[in-house]
Amino acid sequence: MRYRSVILDVDSTLCAIEGIDWLAAQRGAEVAARIAAVTERAMNGELPLEAVYGQRLALVDPDATLLHRLAEHYLETITPGAEAAVRAMREAGVELAIVSGGIRQCLMPLAERLGVPDERLMAVSVYLDEDGLYSAFDDRSPLATDIGKEWAARQLALPGPVLGVGDGATDLAMRPAVDAFAAFAAHARRDHVVAAADHVVESFEQLTSLVLS
């Protein structure tokens, strides 16, 4: 076994979608275009995540129904091979965690499907009022910032060697806190992330081979 622990991103890694972009699409073409543009800039490292996180959620204004639909859509868009890869790694004794800048409530069913315990799911909570309407997000969460995934990797304190896996600049930010980083390029290939990665994988089959070799 090459890596004892693996930290997995969700959007464009474990799942084929970007959750915030999916939410935006439900609010119409204009909102979707505005959010997609700033999301792409954040993932490319052109804008700090903290500069756009609250702005995007305010534009989407997600209620309980929309958040439930997103949770279901994550399950519908799990990357091919991801469930088998997670199962194989778990059976081999690899410790797994999910770290995301996405909405925690929407990722809990995904973590449960993959057998990742609640304490190994780190994401950003949102708050709804008594009518189920969007109220706020946890603006104290480091995962709503560019350095959040480095913080999360250190908080998890997983047994090493630890491999971080993701597609974007916010995922690459965990590199100082892990032993190696793999750019996941099946859904989005970001040149600067690939260039800085220790490994590049384009499928979960490749990731399994990398981890267990």
# chains A, B, ... in the order shown; residues from 1 in each chain; ligands from 1
$ select_by_dssp --residues "stretch 22-58 of chain A" --states "alpha helix (DSSP H)" --output "PyMOL selection string"
chain A and resi 22-25+29-43+49-58
$ residues_around --residues "A:Gln26" --least-positions-apart "4" --cutoff "12 Å" --atoms "only C-alpha atoms" --output "list in words"
Gly19, Ile20, Asp21, Trp22, Glu30, Val31, Ala32, Ala33, Ile35, Leu59, Val60, Asp61, Pro62, Asp63, Thr65, Leu66, Leu67, Arg69 and Leu70 of chain A
$ write_last_selection --atoms "N, CA and C atoms" --output "JSON list (two decimals), in the first residue's frame"
[["chain", "number", "residue", "atom", "x", "y", "z"],
["A", 19, "GLY", "N", -21.50, 21.68, -7.35],
["A", 19, "GLY", "CA", -22.77, 21.87, -6.67],
["A", 19, "GLY", "C", -23.31, 23.28, -6.77],
["A", 20, "ILE", "N", -22.45, 24.29, -6.59],
["A", 20, "ILE", "CA", -22.92, 25.67, -6.63],
["A", 20, "ILE", "C", -23.40, 26.04, -8.03],
["A", 21, "ASP", "N", -22.78, 25.49, -9.06],
["A", 21, "ASP", "CA", -23.22, 25.77, -10.42],
["A", 21, "ASP", "C", -24.58, 25.11, -10.69],
["A", 22, "TRP", "N", -24.78, 23.91, -10.14],
["A", 22, "TRP", "CA", -26.07, 23.25, -10.30],
["A", 22, "TRP", "C", -27.16, 24.06, -9.61],
["A", 30, "GLU", "N", -29.22, 33.81, -16.10],
["A", 30, "GLU", "CA", -28.39, 34.95, -15.71],
["A", 30, "GLU", "C", -27.61, 34.66, -14.44],
["A", 31, "VAL", "N", -28.28, 34.11, -13.43],
["A", 31, "VAL", "CA", -27.61, 33.76, -12.18],
["A", 31, "VAL", "C", -26.57, 32.68, -12.44],
["A", 32, "ALA", "N", -26.93, 31.69, -13.26],
["A", 32, "ALA", "CA", -26.00, 30.61, -13.57],
["A", 32, "ALA", "C", -24.73, 31.12, -14.22],
["A", 33, "ALA", "N", -24.86, 32.03, -15.15],
["A", 33, "ALA", "CA", -23.69, 32.57, -15.85],
["A", 33, "ALA", "C", -22.79, 33.36, -14.90],
["A", 35, "ILE", "N", -22.50, 33.05, -11.62],
["A", 35, "ILE", "CA", -21.85, 32.19, -10.64],
["A", 35, "ILE", "C", -20.81, 31.30, -11.29],
["A", 59, "LEU", "N", -26.82, 34.87, -4.07],
["A", 59, "LEU", "CA", -27.45, 34.88, -5.39],
["A", 59, "LEU", "C", -28.36, 33.67, -5.59],
["A", 60, "VAL", "N", -27.91, 32.52, -5.11],
["A", 60, "VAL", "CA", -28.69, 31.29, -5.27],
["A", 60, "VAL", "C", -29.87, 31.26, -4.30],
["A", 61, "ASP", "N", -29.65, 31.76, -3.07],
["A", 61, "ASP", "CA", -30.70, 31.80, -2.05],
["A", 61, "ASP", "C", -31.39, 30.43, -1.90],
["A", 62, "PRO", "N", -30.62, 29.38, -1.53],
["A", 62, "PRO", "CA", -31.19, 28.03, -1.56],
["A", 62, "PRO", "C", -32.12, 27.75, -0.38],
["A", 63, "ASP", "N", -33.28, 27.19, -0.67],
["A", 63, "ASP", "CA", -34.19, 26.79, 0.40],
["A", 63, "ASP", "C", -34.04, 25.29, 0.66],
["A", 65, "THR", "N", -35.94, 22.76, 0.03],
["A", 65, "THR", "CA", -36.27, 21.89, -1.10],
["A", 65, "THR", "C", -35.12, 21.82, -2.09],
["A", 66, "LEU", "N", -34.52, 22.96, -2.39],
["A", 66, "LEU", "CA", -33.43, 22.99, -3.35],
["A", 66, "LEU", "C", -32.21, 22.25, -2.81],
["A", 67, "LEU", "N", -31.93, 22.39, -1.54],
["A", 67, "LEU", "CA", -30.79, 21.69, -0.95],
["A", 67, "LEU", "C", -31.01, 20.18, -0.98],
["A", 69, "ARG", "N", -32.76, 18.56, -3.21],
["A", 69, "ARG", "CA", -32.60, 18.15, -4.60],
["A", 69, "ARG", "C", -31.12, 18.05, -4.97],
["A", 70, "LEU", "N", -30.31, 18.98, -4.46],
["A", 70, "LEU", "CA", -28.87, 18.92, -4.72],
["A", 70, "LEU", "C", -28.27, 17.66, -4.11]]
$ select_by_dssp --residues "stretch 5-169 of chain A" --states "strand (DSSP E or B)" --output "PyMOL selection string"
chain A and resi 5-8+11+15+78+95-103+121-124+126-128+134-137+162-166
$ atom_distance --atom1 "atom CA of A:Asp9" --atom2 "atom CA of A:Ala92"
20.4 Å
$ atom_distance --atom1 "atom CA of A:Val193" --atom2 "atom CA of A:Arg87"
26.7 Å
$ closest_residue --among "A:Val10, A:Ala180, A:Ala173, A:Ala64" --to "A:Pro48" --atoms "only C-alpha atoms"
A:Ala173
$ residues_around --residues "stretch 49-56 of chain A" --least-positions-apart "3" --cutoff "10 Å" --atoms "only C-alpha atoms" --output "ChimeraX atom specification"
/A:20-21,23-24,31-32,34-36,38-39,41-43,45-46,59-61,101-102,136-139,142-148,169-170
$ write_last_selection --atoms "C-alpha atoms" --output "PDB file, in the first residue's frame"
ATOM      1  CA  ILE A  20     -22.923  25.668  -6.632  1.00  0.00           C
ATOM      2  CA  ASP A  21     -23.225  25.772 -10.420  1.00  0.00           C
ATOM      3  CA  LEU A  23     -27.866  25.359  -7.692  1.00  0.00           C
ATOM      4  CA  ALA A  24     -27.351  28.453  -9.824  1.00  0.00           C
ATOM      5  CA  VAL A  31     -27.608  33.758 -12.184  1.00  0.00           C
ATOM      6  CA  ALA A  32     -26.001  30.605 -13.566  1.00  0.00           C
ATOM      7  CA  ARG A  34     -22.620  34.957 -13.102  1.00  0.00           C
ATOM      8  CA  ILE A  35     -21.849  32.195 -10.638  1.00  0.00           C
ATOM      9  CA  ALA A  36     -20.134  29.913 -13.163  1.00  0.00           C
ATOM     10  CA  VAL A  38     -16.686  33.464 -10.513  1.00  0.00           C
ATOM     11  CA  THR A  39     -16.515  29.756  -9.618  1.00  0.00           C
ATOM     12  CA  ARG A  41     -11.962  31.996 -11.519  1.00  0.00           C
ATOM     13  CA  ALA A  42     -11.826  30.733  -7.927  1.00  0.00           C
ATOM     14  CA  MET A  43     -10.947  27.172  -9.026  1.00  0.00           C
ATOM     15  CA  GLY A  45      -6.800  30.539  -8.383  1.00  0.00           C
ATOM     16  CA  GLU A  46      -7.652  33.924  -9.902  1.00  0.00           C
ATOM     17  CA  LEU A  59     -27.446  34.881  -5.386  1.00  0.00           C
ATOM     18  CA  VAL A  60     -28.689  31.294  -5.265  1.00  0.00           C
ATOM     19  CA  ASP A  61     -30.704  31.803  -2.053  1.00  0.00           C
ATOM     20  CA  GLY A 101     -16.029  23.659   0.189  1.00  0.00           C
ATOM     21  CA  GLY A 102     -19.569  22.567  -0.624  1.00  0.00           C
ATOM     22  CA  ALA A 136     -26.729  32.314   6.375  1.00  0.00           C
ATOM     23  CA  PHE A 137     -23.683  30.080   6.045  1.00  0.00           C
ATOM     24  CA  ASP A 138     -20.954  29.290   8.536  1.00  0.00           C
ATOM     25  CA  ASP A 139     -18.704  32.209   7.679  1.00  0.00           C
ATOM     26  CA  PRO A 142     -11.995  27.833   7.010  1.00  0.00           C
ATOM     27  CA  LEU A 143     -13.451  25.726   4.172  1.00  0.00           C
ATOM     28  CA  ALA A 144     -15.085  28.878   2.833  1.00  0.00           C
ATOM     29  CA  THR A 145     -11.569  30.244   2.229  1.00  0.00           C
ATOM     30  CA  ASP A 146      -8.625  29.390  -0.002  1.00  0.00           C
ATOM     31  CA  ILE A 147      -6.644  27.825   2.852  1.00  0.00           C
ATOM     32  CA  GLY A 148      -9.509  25.725   4.164  1.00  0.00           C
ATOM     33  CA  ALA A 169      -6.793  25.344  -6.718  1.00  0.00           C
ATOM     34  CA  THR A 170      -8.573  25.027  -3.369  1.00  0.00           C
TER      35      THR A 170
END
$ atom_distance --atom1 "atom CA of A:His68" --atom2 "atom CA of A:Val116"
19.5 Å
$ residues_around --residues "A:Leu158" --least-positions-apart "2" --cutoff "10 Å" --atoms "only C-alpha atoms" --output "JSON list (two decimals) with N, CA and C atoms, in the first residue's frame"
[["chain", "number", "residue", "atom", "x", "y", "z"],
["A", 4, "ARG", "N", -1.59, 5.42, 3.13],
["A", 4, "ARG", "CA", -2.38, 4.88, 4.24],
["A", 4, "ARG", "C", -3.72, 5.59, 4.37],
["A", 5, "SER", "N", -3.78, 6.85, 3.92],
["A", 5, "SER", "CA", -5.01, 7.65, 4.02],
["A", 5, "SER", "C", -5.20, 8.45, 2.73],
["A", 6, "VAL", "N", -6.47, 8.71, 2.40],
["A", 6, "VAL", "CA", -6.81, 9.48, 1.21],
["A", 6, "VAL", "C", -7.87, 10.51, 1.57],
["A", 7, "ILE", "N", -7.64, 11.76, 1.19],
["A", 7, "ILE", "CA", -8.61, 12.84, 1.37],
["A", 7, "ILE", "C", -9.19, 13.18, 0.00],
["A", 95, "GLU", "N", -7.60, 4.67, 5.22],
["A", 95, "GLU", "CA", -8.48, 5.62, 5.90],
["A", 95, "GLU", "C", -8.93, 6.68, 4.90],
["A", 96, "LEU", "N", -10.24, 6.94, 4.85],
["A", 96, "LEU", "CA", -10.78, 7.87, 3.85],
["A", 96, "LEU", "C", -11.48, 9.04, 4.53],
["A", 97, "ALA", "N", -11.37, 10.20, 3.91],
["A", 97, "ALA", "CA", -12.08, 11.39, 4.38],
["A", 97, "ALA", "C", -12.56, 12.18, 3.16],
["A", 120, "ARG", "N", -15.53, 12.27, 9.43],
["A", 120, "ARG", "CA", -14.55, 12.36, 8.35],
["A", 120, "ARG", "C", -15.09, 13.15, 7.15],
["A", 153, "ALA", "N", -7.10, 19.19, 6.37],
["A", 153, "ALA", "CA", -6.19, 18.04, 6.35],
["A", 153, "ALA", "C", -5.42, 17.93, 7.66],
["A", 154, "ARG", "N", -5.04, 19.06, 8.22],
["A", 154, "ARG", "CA", -4.32, 19.03, 9.50],
["A", 154, "ARG", "C", -5.26, 18.63, 10.63],
["A", 155, "GLN", "N", -6.48, 19.11, 10.59],
["A", 155, "GLN", "CA", -7.45, 18.78, 11.63],
["A", 155, "GLN", "C", -7.77, 17.29, 11.66],
["A", 156, "LEU", "N", -7.84, 16.68, 10.49],
["A", 156, "LEU", "CA", -8.17, 15.27, 10.41],
["A", 156, "LEU", "C", -7.11, 14.39, 11.04],
["A", 160, "GLY", "N", -0.32, 8.60, 8.10],
["A", 160, "GLY", "CA", 0.38, 8.77, 6.83],
["A", 160, "GLY", "C", 1.00, 7.48, 6.33],
["A", 161, "PRO", "N", 1.41, 7.53, 5.07],
["A", 161, "PRO", "CA", 1.38, 8.65, 4.15],
["A", 161, "PRO", "C", -0.06, 9.00, 3.72],
["A", 162, "VAL", "N", -0.32, 10.31, 3.57],
["A", 162, "VAL", "CA", -1.64, 10.80, 3.20],
["A", 162, "VAL", "C", -1.61, 11.36, 1.78],
["A", 178, "VAL", "N", -0.30, 17.36, 3.43],
["A", 178, "VAL", "CA", -0.36, 15.93, 3.07],
["A", 178, "VAL", "C", 1.00, 15.51, 2.51]]
$ closest_residue --among "A:Ala29, A:Met174, A:Ala196, A:Leu110" --to "A:Leu75" --atoms "only C-alpha atoms"
A:Leu110
$ residues_around --residues "A:Val99" --least-positions-apart "6" --cutoff "7 Å" --atoms "only C-alpha atoms" --output "ChimeraX atom specification"
/A:7-9,121-123,149
$ closest_residue --among "A:Ala186, A:Glu40, A:Leu212, A:Phe181" --to "A:Gly93" --atoms "only C-alpha atoms"
A:Leu212
